[in-house]
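Asks: My file is run13.cif. It has mmCIF, C-alpha atoms:
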```cif
data_work
#
loop_
_atom_site.label_atom_id
_atom_site.label_comp_id
_atom_site.auth_asym_id
_atom_site.auth_seq_id
_atom_site.Cartn_x
_atom_site.Cartn_y
_atom_site.Cartn_z
CA MET A 1 1.96 18.09 10.79
CA GLU A 2 2.13 20.99 8.33
CA ARG A 3 -0.36 19.73 5.77
CA ALA A 4 -3.31 20.12 8.16
CA ALA A 5 -2.45 23.75 8.85
CA GLN A 6 -2.20 24.54 5.18
CA ASN A 7 -5.34 22.75 4.02
CA LYS A 8 -8.18 22.50 6.50
CA THR A 9 -10.58 19.61 6.15
CA VAL A 10 -13.23 20.22 3.52
CA PHE A 11 -15.29 17.15 4.31
CA ASP A 12 -17.17 16.05 7.40
CA PRO A 13 -15.84 12.74 8.77
CA LEU A 14 -19.03 12.17 10.76
CA LYS A 15 -21.02 12.43 7.55
CA LEU A 16 -18.57 10.17 5.73
CA ARG A 17 -18.97 7.52 8.40
CA GLU A 18 -22.56 7.02 7.26
CA ASP A 19 -21.14 5.56 4.02
CA PHE A 20 -19.45 2.69 5.89
CA PRO A 21 -21.98 0.16 7.20
CA ILE A 22 -19.45 -1.79 9.28
CA LEU A 23 -18.88 1.27 11.46
CA ARG A 24 -22.37 0.73 12.89
CA ARG A 25 -21.21 -2.57 14.40
CA ARG A 26 -20.73 -3.15 18.08
CA VAL A 27 -17.86 -5.28 19.40
CA HIS A 28 -18.16 -6.68 22.93
CA GLY A 29 -21.14 -4.38 23.35
CA LYS A 30 -19.12 -1.26 22.45
CA PRO A 31 -19.25 0.80 19.25
CA LEU A 32 -16.55 -0.33 16.83
CA VAL A 33 -13.49 1.92 16.74
CA TYR A 34 -11.45 0.76 13.76
CA LEU A 35 -7.80 1.83 13.96
CA ASP A 36 -6.20 -0.95 11.89
CA ASN A 37 -6.28 0.76 8.51
CA ALA A 38 -2.67 0.02 7.58
CA ALA A 39 -3.67 -3.67 7.53
CA THR A 40 -6.87 -3.16 5.54
CA THR A 41 -9.50 -0.45 5.21
CA GLN A 42 -13.26 -0.60 5.52
CA LYS A 43 -15.49 -0.37 2.44
CA PRO A 44 -18.08 2.32 1.66
CA ASN A 45 -21.51 1.50 0.27
CA ALA A 46 -20.36 2.67 -3.16
CA VAL A 47 -17.79 -0.14 -3.31
CA ILE A 48 -20.10 -2.78 -1.85
CA ASP A 49 -22.89 -1.75 -4.22
CA ALA A 50 -20.56 -1.82 -7.24
CA LEU A 51 -19.57 -5.40 -6.47
CA LYS A 52 -23.18 -6.42 -5.85
CA ASN A 53 -24.40 -4.67 -9.00
CA TYR A 54 -21.80 -6.41 -11.15
CA TYR A 55 -22.79 -9.88 -10.03
CA GLU A 56 -26.51 -9.14 -10.16
CA THR A 57 -26.67 -7.47 -13.56
CA HIS A 58 -23.46 -7.86 -15.61
CA ASN A 59 -21.60 -11.02 -14.61
CA ALA A 60 -19.79 -12.54 -17.60
CA ASN A 61 -16.25 -13.29 -18.67
CA ILE A 62 -14.34 -10.51 -20.41
CA HIS A 63 -12.62 -10.35 -23.80
CA ARG A 64 -14.15 -13.67 -24.82
CA GLY A 65 -17.64 -13.04 -26.05
CA VAL A 66 -19.71 -10.86 -28.35
CA HIS A 67 -22.84 -11.08 -26.23
CA THR A 68 -24.08 -8.08 -24.26
CA LEU A 69 -23.01 -9.17 -20.77
CA SER A 70 -19.46 -9.89 -21.90
CA TYR A 71 -19.26 -6.57 -23.70
CA GLU A 72 -20.53 -4.66 -20.67
CA SER A 73 -18.16 -6.46 -18.31
CA THR A 74 -15.20 -5.79 -20.60
CA LEU A 75 -15.96 -2.07 -20.77
CA MET A 76 -16.34 -1.81 -17.00
CA TYR A 77 -13.15 -3.76 -16.38
CA GLU A 78 -11.14 -1.62 -18.77
CA GLU A 79 -12.63 1.54 -17.29
CA ALA A 80 -11.31 0.46 -13.88
CA HIS A 81 -7.80 0.44 -15.38
CA GLU A 82 -8.40 3.99 -16.63
CA LYS A 83 -9.51 5.14 -13.18
CA ALA A 84 -6.43 3.67 -11.51
CA ALA A 85 -4.21 5.34 -14.11
CA ARG A 86 -5.79 8.75 -13.52
CA LEU A 87 -5.45 8.39 -9.74
CA ILE A 88 -1.66 8.07 -9.95
CA GLY A 89 -1.14 10.37 -12.93
CA ALA A 90 -0.24 7.64 -15.42
CA PRO A 91 -0.83 8.97 -18.96
CA ASP A 92 -1.60 5.56 -20.49
CA TRP A 93 -4.12 3.18 -18.88
CA ARG A 94 -2.37 0.26 -20.57
CA SER A 95 0.51 0.81 -18.15
CA ILE A 96 -1.78 -0.46 -15.34
CA VAL A 97 -1.67 -4.22 -14.72
CA PHE A 98 -4.26 -5.55 -12.29
CA THR A 99 -2.90 -7.95 -9.68
CA ARG A 100 -4.14 -9.39 -6.39
CA ASN A 101 -2.21 -6.90 -4.26
CA ALA A 102 1.05 -4.95 -3.98
CA THR A 103 2.83 -8.17 -3.03
CA GLU A 104 1.98 -9.77 -6.36
CA SER A 105 2.89 -6.56 -8.17
CA ILE A 106 6.40 -6.58 -6.67
CA ASN A 107 6.78 -10.30 -7.42
CA LEU A 108 5.74 -9.61 -11.00
CA VAL A 109 8.66 -7.21 -11.36
CA ALA A 110 11.06 -9.61 -9.63
CA TYR A 111 10.15 -12.51 -11.90
CA ALA A 112 9.25 -10.84 -15.20
CA TRP A 113 11.95 -8.15 -15.14
CA GLY A 114 14.46 -9.39 -12.58
CA LEU A 115 15.02 -12.93 -13.81
CA ARG A 116 15.56 -11.70 -17.36
CA ASN A 117 17.63 -8.59 -16.71
CA LEU A 118 19.67 -9.24 -13.58
CA LYS A 119 22.82 -11.33 -13.43
CA LYS A 120 25.31 -12.42 -10.80
CA ASN A 121 26.78 -9.53 -8.77
CA ASP A 122 24.24 -7.01 -10.02
CA GLU A 123 22.95 -4.98 -7.09
CA VAL A 124 19.42 -4.33 -5.87
CA LEU A 125 19.06 -1.63 -3.23
CA ILE A 126 16.18 -1.61 -0.74
CA THR A 127 15.71 -0.06 2.70
CA LEU A 128 15.56 -1.46 6.18
CA MET A 129 11.99 -0.19 6.56
CA GLU A 130 10.56 -2.36 3.79
CA HIS A 131 7.56 -4.63 4.21
CA HIS A 132 8.50 -8.28 3.76
CA SER A 133 6.86 -8.11 0.34
CA ASN A 134 9.69 -5.86 -0.81
CA ILE A 135 12.43 -7.94 0.80
CA VAL A 136 11.68 -11.61 0.18
CA PRO A 137 11.40 -11.45 -3.66
CA TRP A 138 14.86 -9.90 -3.87
CA GLN A 139 16.27 -12.48 -1.48
CA MET A 140 14.85 -15.07 -3.87
CA LEU A 141 16.79 -13.51 -6.74
CA ARG A 142 19.93 -13.33 -4.61
CA ASP A 143 19.68 -17.03 -3.83
CA ARG A 144 18.72 -18.00 -7.38
CA ILE A 145 21.06 -15.95 -9.56
CA GLY A 146 23.57 -14.40 -7.16
CA ILE A 147 22.60 -10.74 -7.13
CA ARG A 148 23.76 -8.57 -4.25
CA LEU A 149 21.09 -7.16 -1.97
CA ASN A 150 21.97 -3.96 -0.12
CA TYR A 151 19.99 -2.10 2.56
CA VAL A 152 19.70 1.60 3.34
CA ARG A 153 19.76 2.18 7.08
CA VAL A 154 17.07 3.99 9.08
CA GLY A 155 17.83 6.61 11.75
CA ARG A 156 16.36 6.54 15.25
CA GLY A 157 13.95 9.28 14.22
CA GLY A 158 12.52 7.07 11.49
CA GLU A 159 14.21 8.81 8.57
CA LEU A 160 16.15 7.10 5.81
CA ASP A 161 19.90 7.63 5.81
CA LEU A 162 19.94 9.52 2.51
CA ASP A 163 23.70 10.06 2.56
CA GLY A 164 24.15 6.34 3.00
CA LEU A 165 21.67 5.73 0.19
CA ARG A 166 23.66 7.85 -2.24
CA GLY A 167 26.81 5.99 -1.29
CA LEU A 168 25.16 2.62 -1.90
CA ILE A 169 24.06 3.50 -5.44
CA THR A 170 26.93 2.39 -7.68
CA GLU A 171 27.50 1.46 -11.30
CA ARG A 172 26.45 -2.09 -10.35
CA THR A 173 23.06 -0.97 -9.01
CA ARG A 174 20.33 -2.10 -11.37
CA LEU A 175 17.23 -1.47 -9.26
CA VAL A 176 16.28 0.65 -6.27
CA SER A 177 13.06 -0.65 -4.69
CA VAL A 178 11.75 1.58 -1.92
CA VAL A 179 8.62 1.96 0.17
CA HIS A 180 6.87 5.31 -0.27
CA ALA A 181 5.33 5.34 3.23
CA SER A 182 6.35 2.97 6.02
CA ASN A 183 3.64 0.72 7.40
CA VAL A 184 5.42 0.75 10.80
CA LEU A 185 6.77 4.27 11.24
CA GLY A 186 4.56 6.22 8.87
CA THR A 187 7.66 7.83 7.34
CA ILE A 188 7.05 9.34 3.91
CA ASN A 189 10.22 8.77 1.94
CA PRO A 190 11.49 11.28 -0.65
CA VAL A 191 10.90 8.91 -3.55
CA LYS A 192 11.33 11.63 -6.19
CA LEU A 193 14.81 12.43 -4.88
CA ILE A 194 15.63 8.72 -4.66
CA ALA A 195 14.42 8.09 -8.22
CA ASP A 196 16.55 10.94 -9.53
CA ALA A 197 19.67 9.58 -7.81
CA ALA A 198 18.99 6.06 -9.09
CA HIS A 199 18.39 7.16 -12.67
CA LYS A 200 21.64 9.14 -12.73
CA ALA A 201 23.40 5.85 -12.01
CA GLY A 202 21.39 4.02 -14.68
CA ALA A 203 19.22 2.08 -12.23
CA LEU A 204 15.46 1.56 -12.37
CA VAL A 205 13.12 2.45 -9.51
CA LEU A 206 10.20 0.51 -8.03
CA VAL A 207 8.00 2.26 -5.45
CA ASP A 208 5.91 0.27 -2.97
CA ALA A 209 2.94 2.64 -2.67
CA ALA A 210 0.60 0.38 -0.69
CA GLN A 211 0.54 2.88 2.20
CA SER A 212 0.72 6.08 0.14
CA VAL A 213 -1.81 5.83 -2.69
CA PRO A 214 -4.75 5.56 -0.23
CA HIS A 215 -3.59 8.54 1.81
CA LEU A 216 -1.63 11.00 -0.35
CA PRO A 217 -1.64 12.56 -3.80
CA VAL A 218 0.65 10.33 -5.88
CA ASP A 219 1.90 11.16 -9.39
CA VAL A 220 4.16 8.63 -11.09
CA ILE A 221 5.37 11.16 -13.66
CA ASP A 222 6.37 13.65 -10.97
CA ILE A 223 8.07 10.91 -8.94
CA GLY A 224 9.78 9.57 -12.03
CA CYS A 225 9.48 5.93 -10.96
CA ASP A 226 9.65 3.07 -13.42
CA PHE A 227 7.28 0.80 -11.47
CA LEU A 228 4.75 1.42 -8.69
CA ALA A 229 2.82 -1.18 -6.70
CA ALA A 230 -0.50 -0.60 -4.91
CA SER A 231 -3.09 -2.67 -3.02
CA GLY A 232 -6.82 -2.19 -3.52
CA HIS A 233 -7.89 -3.35 -0.07
CA LYS A 234 -5.83 -0.61 1.61
CA MET A 235 -7.74 2.05 -0.34
CA MET A 236 -11.31 0.88 0.40
CA GLY A 237 -11.38 -1.60 -2.48
CA PRO A 238 -12.02 -5.35 -2.16
CA THR A 239 -9.36 -7.73 -0.89
CA GLY A 240 -7.56 -9.60 -3.63
CA THR A 241 -7.25 -6.49 -5.82
CA GLY A 242 -4.28 -4.28 -6.61
CA PHE A 243 -2.24 -2.99 -9.50
CA LEU A 244 1.22 -2.49 -10.89
CA TYR A 245 2.13 0.62 -12.85
CA GLY A 246 5.02 0.19 -15.24
CA LYS A 247 6.45 2.38 -17.95
CA PRO A 248 5.00 0.93 -21.16
CA GLU A 249 8.39 0.44 -22.82
CA LEU A 250 9.55 -1.61 -19.84
CA LEU A 251 6.39 -3.71 -19.71
CA GLU A 252 6.67 -4.34 -23.44
CA SER A 253 10.22 -5.64 -23.01
CA MET A 254 9.32 -8.01 -20.15
CA ASP A 255 8.26 -11.63 -20.35
CA PRO A 256 4.89 -12.56 -18.81
CA PHE A 257 4.72 -13.52 -15.15
CA LEU A 258 1.88 -16.05 -15.54
CA TYR A 259 0.96 -18.07 -18.61
CA GLY A 260 -2.37 -19.32 -19.92
CA GLY A 261 -5.59 -17.87 -21.25
CA ASP A 262 -6.14 -14.28 -22.38
CA MET A 263 -2.44 -13.33 -22.12
CA ILE A 264 -1.72 -14.84 -25.51
CA GLU A 265 -1.97 -13.48 -29.03
CA LYS A 266 -1.60 -16.83 -30.82
CA VAL A 267 -0.87 -20.39 -29.72
CA THR A 268 0.35 -23.17 -31.99
CA MET A 269 1.71 -26.60 -31.15
CA GLU A 270 5.24 -25.18 -31.39
CA ARG A 271 5.10 -21.75 -29.76
CA SER A 272 3.00 -18.88 -28.46
CA THR A 273 3.04 -15.12 -28.80
CA TRP A 274 1.81 -12.62 -26.25
CA ASN A 275 -1.16 -10.28 -26.08
CA GLU A 276 -0.83 -6.50 -25.96
CA LEU A 277 -0.56 -4.51 -22.73
CA PRO A 278 -1.79 -4.88 -20.09
CA TRP A 279 -3.39 -8.23 -20.89
CA LYS A 280 0.02 -9.85 -21.41
CA PHE A 281 0.35 -9.86 -17.61
CA GLU A 282 -3.26 -10.71 -16.70
CA ALA A 283 -3.44 -14.44 -17.39
CA GLY A 284 -6.70 -16.30 -16.89
CA THR A 285 -10.01 -14.93 -15.69
CA PRO A 286 -9.28 -12.03 -13.31
CA ASP A 287 -11.33 -10.77 -10.37
CA ILE A 288 -13.59 -8.77 -12.68
CA GLY A 289 -16.09 -7.74 -10.02
CA GLY A 290 -13.31 -6.84 -7.60
CA ALA A 291 -11.59 -4.68 -10.20
CA ILE A 292 -14.83 -2.83 -10.97
CA ALA A 293 -15.40 -2.28 -7.24
CA LEU A 294 -11.81 -1.04 -6.95
CA GLY A 295 -12.72 1.51 -9.60
CA ALA A 296 -15.57 2.63 -7.35
CA ALA A 297 -13.10 3.05 -4.49
CA VAL A 298 -10.93 5.21 -6.74
CA ASP A 299 -14.00 7.31 -7.56
CA TYR A 300 -14.65 7.77 -3.83
CA ILE A 301 -11.09 8.94 -3.14
CA THR A 302 -11.06 11.18 -6.20
CA ALA A 303 -14.33 12.85 -5.19
CA LEU A 304 -12.92 13.68 -1.74
CA GLY A 305 -9.54 14.78 -3.10
CA PRO A 306 -6.39 12.93 -2.00
CA GLU A 307 -4.93 16.21 -0.74
CA ASN A 308 -7.92 16.67 1.58
CA VAL A 309 -7.65 13.11 2.84
CA ALA A 310 -3.97 13.74 3.60
CA ALA A 311 -4.70 16.98 5.44
CA TYR A 312 -7.41 15.45 7.63
CA GLU A 313 -5.32 12.39 8.48
CA ASP A 314 -2.48 14.73 9.42
CA GLU A 315 -4.80 16.33 11.97
CA LEU A 316 -5.61 12.91 13.40
CA LEU A 317 -1.93 12.00 13.53
CA GLY A 318 -1.03 15.19 15.38
CA HIS A 319 -3.81 14.63 17.90
CA ALA A 320 -2.78 11.01 18.50
CA LEU A 321 0.90 11.84 18.93
CA GLY A 322 -0.02 14.56 21.40
CA ARG A 323 -2.24 12.28 23.48
CA LEU A 324 0.21 9.36 23.51
CA SER A 325 3.14 11.63 24.36
CA GLU A 326 1.39 12.67 27.57
CA HIS A 327 2.49 9.35 29.10
CA GLU A 328 6.19 8.67 29.63
CA TRP A 329 5.51 4.92 29.80
CA ILE A 330 4.43 4.88 26.14
CA LYS A 331 7.38 4.54 23.77
CA ILE A 332 6.63 5.81 20.26
CA TYR A 333 8.90 4.61 17.45
CA GLY A 334 10.30 6.71 14.65
CA HIS A 335 8.36 9.96 14.87
CA GLY A 336 11.41 12.20 15.06
CA GLY A 337 10.29 14.75 12.47
CA GLY A 338 9.33 15.01 8.83
CA GLU A 339 6.04 14.18 7.19
CA ARG A 340 4.19 11.00 8.07
CA VAL A 341 1.07 9.14 7.08
CA GLY A 342 -1.35 8.26 9.87
CA VAL A 343 0.56 5.32 11.36
CA ILE A 344 1.95 5.13 14.91
CA SER A 345 3.78 2.13 16.36
CA PHE A 346 4.39 2.10 20.08
CA ASN A 347 4.88 -0.06 23.15
CA VAL A 348 3.60 0.27 26.71
CA GLU A 349 6.24 -0.20 29.38
CA GLY A 350 5.76 -3.50 31.20
CA VAL A 351 2.87 -4.68 29.01
CA HIS A 352 3.10 -7.10 26.08
CA PRO A 353 1.73 -5.60 22.83
CA HIS A 354 -0.75 -8.45 22.43
CA ASP A 355 -2.13 -7.70 25.91
CA VAL A 356 -2.55 -4.03 24.99
CA ALA A 357 -4.38 -5.00 21.80
CA GLY A 358 -6.52 -7.46 23.75
CA VAL A 359 -7.66 -4.83 26.25
CA LEU A 360 -8.45 -2.43 23.43
CA ASP A 361 -10.47 -5.12 21.68
CA GLU A 362 -12.55 -5.56 24.85
CA GLU A 363 -13.40 -1.87 24.47
CA GLY A 364 -14.40 -2.37 20.82
CA ILE A 365 -11.16 -0.84 19.52
CA ALA A 366 -9.29 -2.60 16.70
CA VAL A 367 -5.52 -2.08 16.54
CA ARG A 368 -2.70 -4.29 15.31
CA SER A 369 -0.01 -5.93 17.43
CA GLY A 370 2.92 -7.93 16.10
CA HIS A 371 5.91 -7.44 13.83
CA HIS A 372 3.84 -5.83 11.06
CA CYS A 373 5.63 -7.81 8.32
CA ALA A 374 8.76 -5.72 8.93
CA GLN A 375 10.97 -7.92 11.09
CA PRO A 376 14.34 -6.47 9.98
CA LEU A 377 13.18 -2.98 10.92
CA MET A 378 11.70 -4.14 14.21
CA ALA A 379 14.95 -5.91 15.14
CA ASP A 380 16.93 -2.78 14.29
CA LEU A 381 14.62 -0.77 16.57
CA GLY A 382 15.33 -3.24 19.37
CA MET A 383 12.01 -5.05 19.68
CA ASP A 384 10.09 -8.07 18.47
CA TYR A 385 6.57 -6.63 18.51
CA ALA A 386 4.73 -3.35 18.80
CA VAL A 387 1.19 -2.00 18.93
CA ARG A 388 0.15 -0.05 15.84
CA MET A 389 -2.66 2.46 15.43
CA SER A 390 -3.38 3.57 11.88
CA PHE A 391 -5.97 6.06 10.71
CA TYR A 392 -8.14 6.72 7.71
CA LEU A 393 -10.63 9.29 6.53
CA TYR A 394 -13.54 7.95 8.62
CA ASN A 395 -11.72 8.08 11.97
CA THR A 396 -12.20 10.84 14.53
CA LYS A 397 -10.23 12.48 17.33
CA GLU A 398 -12.82 11.16 19.77
CA GLU A 399 -11.96 7.60 18.71
CA ILE A 400 -8.30 8.30 19.38
CA ASP A 401 -9.21 9.57 22.85
CA LEU A 402 -11.10 6.34 23.53
CA ALA A 403 -8.05 4.34 22.43
CA VAL A 404 -5.77 6.28 24.77
CA GLU A 405 -8.11 5.63 27.69
CA ALA A 406 -8.07 1.91 26.84
CA ILE A 407 -4.26 1.94 26.71
CA LYS A 408 -4.25 3.49 30.19
CA LYS A 409 -6.55 0.67 31.30
CA ALA A 410 -4.12 -1.92 29.91
CA LYS A 411 -1.29 -0.26 31.85
CA ARG A 412 -3.31 -0.42 35.06
CA ILE A 413 -4.17 -4.08 34.55
CA PHE A 414 -0.79 -5.44 33.40
CA GLY A 415 1.80 -2.78 34.16
#
```
Rewrite the coordinates I just gave you, this time as C-alpha cells.

Replies:
Amino acid sequence: MERAAQNKTVFDPLKLREDFPILRRRVHGKPLVYLDNAATTQKPNAVIDALKNYYETHNANIHRGVHTLSYESTLMYEEAHEKAARLIGAPDWRSIVFTRNATESINLVAYAWGLRNLKKNDEVLITLMEHHSNIVPWQMLRDRIGIRLNYVRVGRGGELDLDGLRGLITERTRLVSVVHASNVLGTINPVKLIADAAHKAGALVLVDAAQSVPHLPVDVIDIGCDFLAASGHKMMGPTGTGFLYGKPELLESMDPFLYGGDMIEKVTMERSTWNELPWKFEAGTPDIGGAIALGAAVDYITALGPENVAAYEDELLGHALGRLSEHEWIKIYGHGGGERVGVISFNVEGVHPHDVAGVLDEEGIAVRSGHHCAQPLMADLGMDYAVRMSFYLYNTKEEIDLAVEAIKKAKRIFG
C-alpha cells in the first residue's frame, strides 16, 4: 500500500462517476455498486460516444476504398493503434496487433510463433497463478508437438517462488509466459526481473497484462518483454477488443494466425504473400468501431495518468483489506505482502461463495464468485471457489463499506 502514500489522488472519483451512465442504475431497488472490474469494466461516455459517432458519421470498411468514409475510418483505426502503442511505451505503432482480447493475443503467439519455432522437448515456463488463457494454449502445444510445460509455484502469501523460477529456466526453455498481475490474488509480478532472467537463457518472454495495463503504468521497453497481451474491455473499452504487442522483428518472422482478406500482399492461383505489419495478423474486416472506441478509452486513462489511477486504487485496496480483516471468519487469499492491484479473493466461513455473491446482489452490489478461470491456482490454495471483489477508478471507500455490511448479512443468514 505504498503507492497511495507517495502519490495522493489528483482526481475526484465522485466527479469521475458522472462519466459512467451505468453507475446511475439501481439493482433490486438499490444503487448499483460495481465491484467486478477484474471481469470487465464499465464504460465512460467518451467511449460510448466514440462508438456511436463512428457508426453515425464514419462507418465504412478500411484499407479498401478511396472514398471519404473509408479514408476517415482508416485514419481513425490506425490512430487507435498509435494510442495503444503510446500507452504501453511501444516505439512503433506497427508492433500493435488488434485482437478480440488478451486470450486471442496469447493464442496468436502460441499458433503463429509456437507452432513454427517450438519442437519436441522444448520447454515453456508459466506460473501456477495464470489465467486459463495462459495455460490452455501451451497445453495444446504440449499435446500437439510434445513440448514440456513447467510451472512456477506460488507461496501462501501470494508471491511467486522466484528462486524456483530461476531454477526452472534452463537451456531448453524457449518461452516464459507470465501474468503481470493476478486476477485472483492481485499479485504484481516482477516481470522485468523475470524477463531479464529469461533473456539470459535465450528464452523469449510473453506478459499477460490484462489486469495491469488498466491499472498501472506499463512500459514494454522497460520491462523488456518480447510480447504483451491486453484486453480492451478490462480498461473501459468495448468487449471484443484487445491487442498484442510484439517486437517488430519477431512479428515479421512469424506466419499469420488467420488467413483471408486484408492480410495479404498478393494472391495468385499458386501462392500468396503477406501484408506488412500489423495487417498481416488482422485478417478480414476487424471491429473498426470497437477499436476506435478503445482508443477513446486509452485517451481517458492517459488524461487521468496511470500512476494516479494506481495510487487511488491502492487506497481502495488498503481500505478493503482493513475492513475485511476485522472479521476472523473471512479468509483472504494471498495478500501476504508486496504490491497488489485492486483485487481481493476471499471466502466466508460456513457460507458458499455463490450465496455470498447472491446476498450482495440483493443489495445492488456486483462481485464475482467462482474459480475465476484459475483452477490450478485455486486447487493449490485448497478451494474450489472464492468470492472476488475488484476495484477501479470510479469506486469509493463507501461502496466497500456497503459490501462489507452485505457480507456480514450473508454470514448472519447462512453461517

Asks: Which of these, A:Asp36, A:Asp314, A:Asp401, A:Asp226, has the shortest distance to Val109 (chain A) once you count all atoms listed in the file?

Replies: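 Under the stated criterion, the closest residue is A:Asp226.
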
Asks: Give as an MDAnalysis selection string the residues that the PyMOL selection byres ((chain A and resi 150-155) around 8) matches when applied to the coordinates above.

Replies: chainID A and resid 123:129 148:149 156:162 164:165 168

Asks: Using only C-alpha atoms, pick whichever of A:Ile188, A:Ile407, A:Ile344, A:Leu16 has the shortest atom-to-atom distance to His215 (chain A).

Replies: A:Ile188

Asks: Using all atoms listed in the file, pick whichever of A:Ile301, A:Met76, A:Ala110, A:Val267 has the shortest atom-to-atom distance to Asp255 (chain A).

Replies: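 Closest candidate: A:Ala110.
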
Asks: Which residues come within 6 Å of region 189-205 of chain A, counting only C-alpha atoms, excluding same-chain residues fewer than 4 positions away, as a list in words?

Replies: Thr173, Arg174, Leu175, Val176, Ser177, His180, Ile223, Cys225 and Asp226 of chain A

Asks: Where does the PyMOL selection byres ((chain A and resi 17) around 12) land in this file, that is, which residues does it pick, as a compact mmCIF listing (two decimals) with C-alpha atoms, in the coordinates of the input?

Replies:
```
# COMPACT_ATOMS: atom_id res chain seq x y z
CA PHE A 11 -15.29 17.15 4.31
CA ASP A 12 -17.17 16.05 7.40
CA PRO A 13 -15.84 12.74 8.77
CA LEU A 14 -19.03 12.17 10.76
CA LYS A 15 -21.02 12.43 7.55
CA LEU A 16 -18.57 10.17 5.73
CA GLU A 18 -22.56 7.02 7.26
CA ASP A 19 -21.14 5.56 4.02
CA PHE A 20 -19.45 2.69 5.89
CA PRO A 21 -21.98 0.16 7.20
CA ILE A 22 -19.45 -1.79 9.28
CA LEU A 23 -18.88 1.27 11.46
CA ARG A 24 -22.37 0.73 12.89
CA ARG A 25 -21.21 -2.57 14.40
CA LEU A 32 -16.55 -0.33 16.83
CA VAL A 33 -13.49 1.92 16.74
CA TYR A 34 -11.45 0.76 13.76
CA GLN A 42 -13.26 -0.60 5.52
CA LYS A 43 -15.49 -0.37 2.44
CA PRO A 44 -18.08 2.32 1.66
CA ASN A 45 -21.51 1.50 0.27
CA TYR A 392 -8.14 6.72 7.71
CA LEU A 393 -10.63 9.29 6.53
CA TYR A 394 -13.54 7.95 8.62
CA ASN A 395 -11.72 8.08 11.97
CA THR A 396 -12.20 10.84 14.53
```

Asks: Choose the residue, out of A:Glu398, A:Ala38, A:Arg340, A:Gly261, that has the smallest atom-to-atom separation from Ala311 (chain A); count only C-alpha atoms.

Replies: A:Arg340

Asks: Quick one: residues within 10 Å of Met383 (chain A), only C-alpha atoms counted, chain neighbours fewer than 5 positions away excluded, as a list of chain:residue names?

Replies: A:Asn347, A:His371, A:Gln375, A:Leu377, A:Met378

Asks: Expanded to explicit residues, what is the PyMOL selection byres ((chain A and resi 294-298) around 8) for this file, as number ranges by chain?

Replies: A: 44, 46-47, 50, 79-81, 83-84, 87, 232, 235-238, 241, 290-293, 299-302

Asks: Residues of the last selection are to be written out with C-alpha atoms, as a PDB file, in the frame of the given file.

Replies:
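Result file follows (selection.pdb):
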```
ATOM      1  CA  PRO A  44     -18.080   2.320   1.660  1.00  0.00           C
ATOM      2  CA  ALA A  46     -20.360   2.670  -3.160  1.00  0.00           C
ATOM      3  CA  VAL A  47     -17.790  -0.140  -3.310  1.00  0.00           C
ATOM      4  CA  ALA A  50     -20.560  -1.820  -7.240  1.00  0.00           C
ATOM      5  CA  GLU A  79     -12.630   1.540 -17.290  1.00  0.00           C
ATOM      6  CA  ALA A  80     -11.310   0.460 -13.880  1.00  0.00           C
ATOM      7  CA  HIS A  81      -7.800   0.440 -15.380  1.00  0.00           C
ATOM      8  CA  LYS A  83      -9.510   5.140 -13.180  1.00  0.00           C
ATOM      9  CA  ALA A  84      -6.430   3.670 -11.510  1.00  0.00           C
ATOM     10  CA  LEU A  87      -5.450   8.390  -9.740  1.00  0.00           C
ATOM     11  CA  GLY A 232      -6.820  -2.190  -3.520  1.00  0.00           C
ATOM     12  CA  MET A 235      -7.740   2.050  -0.340  1.00  0.00           C
ATOM     13  CA  MET A 236     -11.310   0.880   0.400  1.00  0.00           C
ATOM     14  CA  GLY A 237     -11.380  -1.600  -2.480  1.00  0.00           C
ATOM     15  CA  PRO A 238     -12.020  -5.350  -2.160  1.00  0.00           C
ATOM     16  CA  THR A 241      -7.250  -6.490  -5.820  1.00  0.00           C
ATOM     17  CA  GLY A 290     -13.310  -6.840  -7.600  1.00  0.00           C
ATOM     18  CA  ALA A 291     -11.590  -4.680 -10.200  1.00  0.00           C
ATOM     19  CA  ILE A 292     -14.830  -2.830 -10.970  1.00  0.00           C
ATOM     20  CA  ALA A 293     -15.400  -2.280  -7.240  1.00  0.00           C
ATOM     21  CA  ASP A 299     -14.000   7.310  -7.560  1.00  0.00           C
ATOM     22  CA  TYR A 300     -14.650   7.770  -3.830  1.00  0.00           C
ATOM     23  CA  ILE A 301     -11.090   8.940  -3.140  1.00  0.00           C
ATOM     24  CA  THR A 302     -11.060  11.180  -6.200  1.00  0.00           C
TER      25      THR A 302
END
```

Asks: Restricting the calculation to all atoms listed in the file: of A:Ala379, A:Ile62, A:Val27, A:Pro217, which residue gets closest to Leu360 (chain A)?

Replies: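 That would be A:Val27, the residue with the smallest distance to Leu360 (chain A).
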
Asks: Report, in Å to a single decimal, how far apart CA of Lys234 (chain A) and CA of Ala303 (chain A) are.

Replies: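 Taking CA of Ala303 (chain A) as the start and CA of Lys234 (chain A) as the end point, the length is 17.3 Å.
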
Asks: Could you give me, as a PDB file with C-alpha atoms, in the coordinates of the input, the residues within 12 Å of Gly260 (chain A), counting only C-alpha atoms and dropping anything in the same chain fewer than 5 positions from it?

Replies:
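Done, and the output landed in result27.pdb:
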```pdb
ATOM      1  CA  GLU A 265      -1.970 -13.480 -29.030  1.00  0.00           C
ATOM      2  CA  LYS A 266      -1.600 -16.830 -30.820  1.00  0.00           C
ATOM      3  CA  VAL A 267      -0.870 -20.390 -29.720  1.00  0.00           C
ATOM      4  CA  SER A 272       3.000 -18.880 -28.460  1.00  0.00           C
ATOM      5  CA  THR A 273       3.040 -15.120 -28.800  1.00  0.00           C
ATOM      6  CA  TRP A 274       1.810 -12.620 -26.250  1.00  0.00           C
ATOM      7  CA  ASN A 275      -1.160 -10.280 -26.080  1.00  0.00           C
ATOM      8  CA  TRP A 279      -3.390  -8.230 -20.890  1.00  0.00           C
ATOM      9  CA  LYS A 280       0.020  -9.850 -21.410  1.00  0.00           C
ATOM     10  CA  PHE A 281       0.350  -9.860 -17.610  1.00  0.00           C
ATOM     11  CA  GLU A 282      -3.260 -10.710 -16.700  1.00  0.00           C
ATOM     12  CA  ALA A 283      -3.440 -14.440 -17.390  1.00  0.00           C
ATOM     13  CA  GLY A 284      -6.700 -16.300 -16.890  1.00  0.00           C
ATOM     14  CA  THR A 285     -10.010 -14.930 -15.690  1.00  0.00           C
TER      15      THR A 285
END
```

Asks: Which distance in Å separates CA of Val184 (chain A) and CA of Arg26 (chain A), to one decimal?

Replies: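 Going from CA of Val184 (chain A) over to CA of Arg26 (chain A) covers 27.4 Å.
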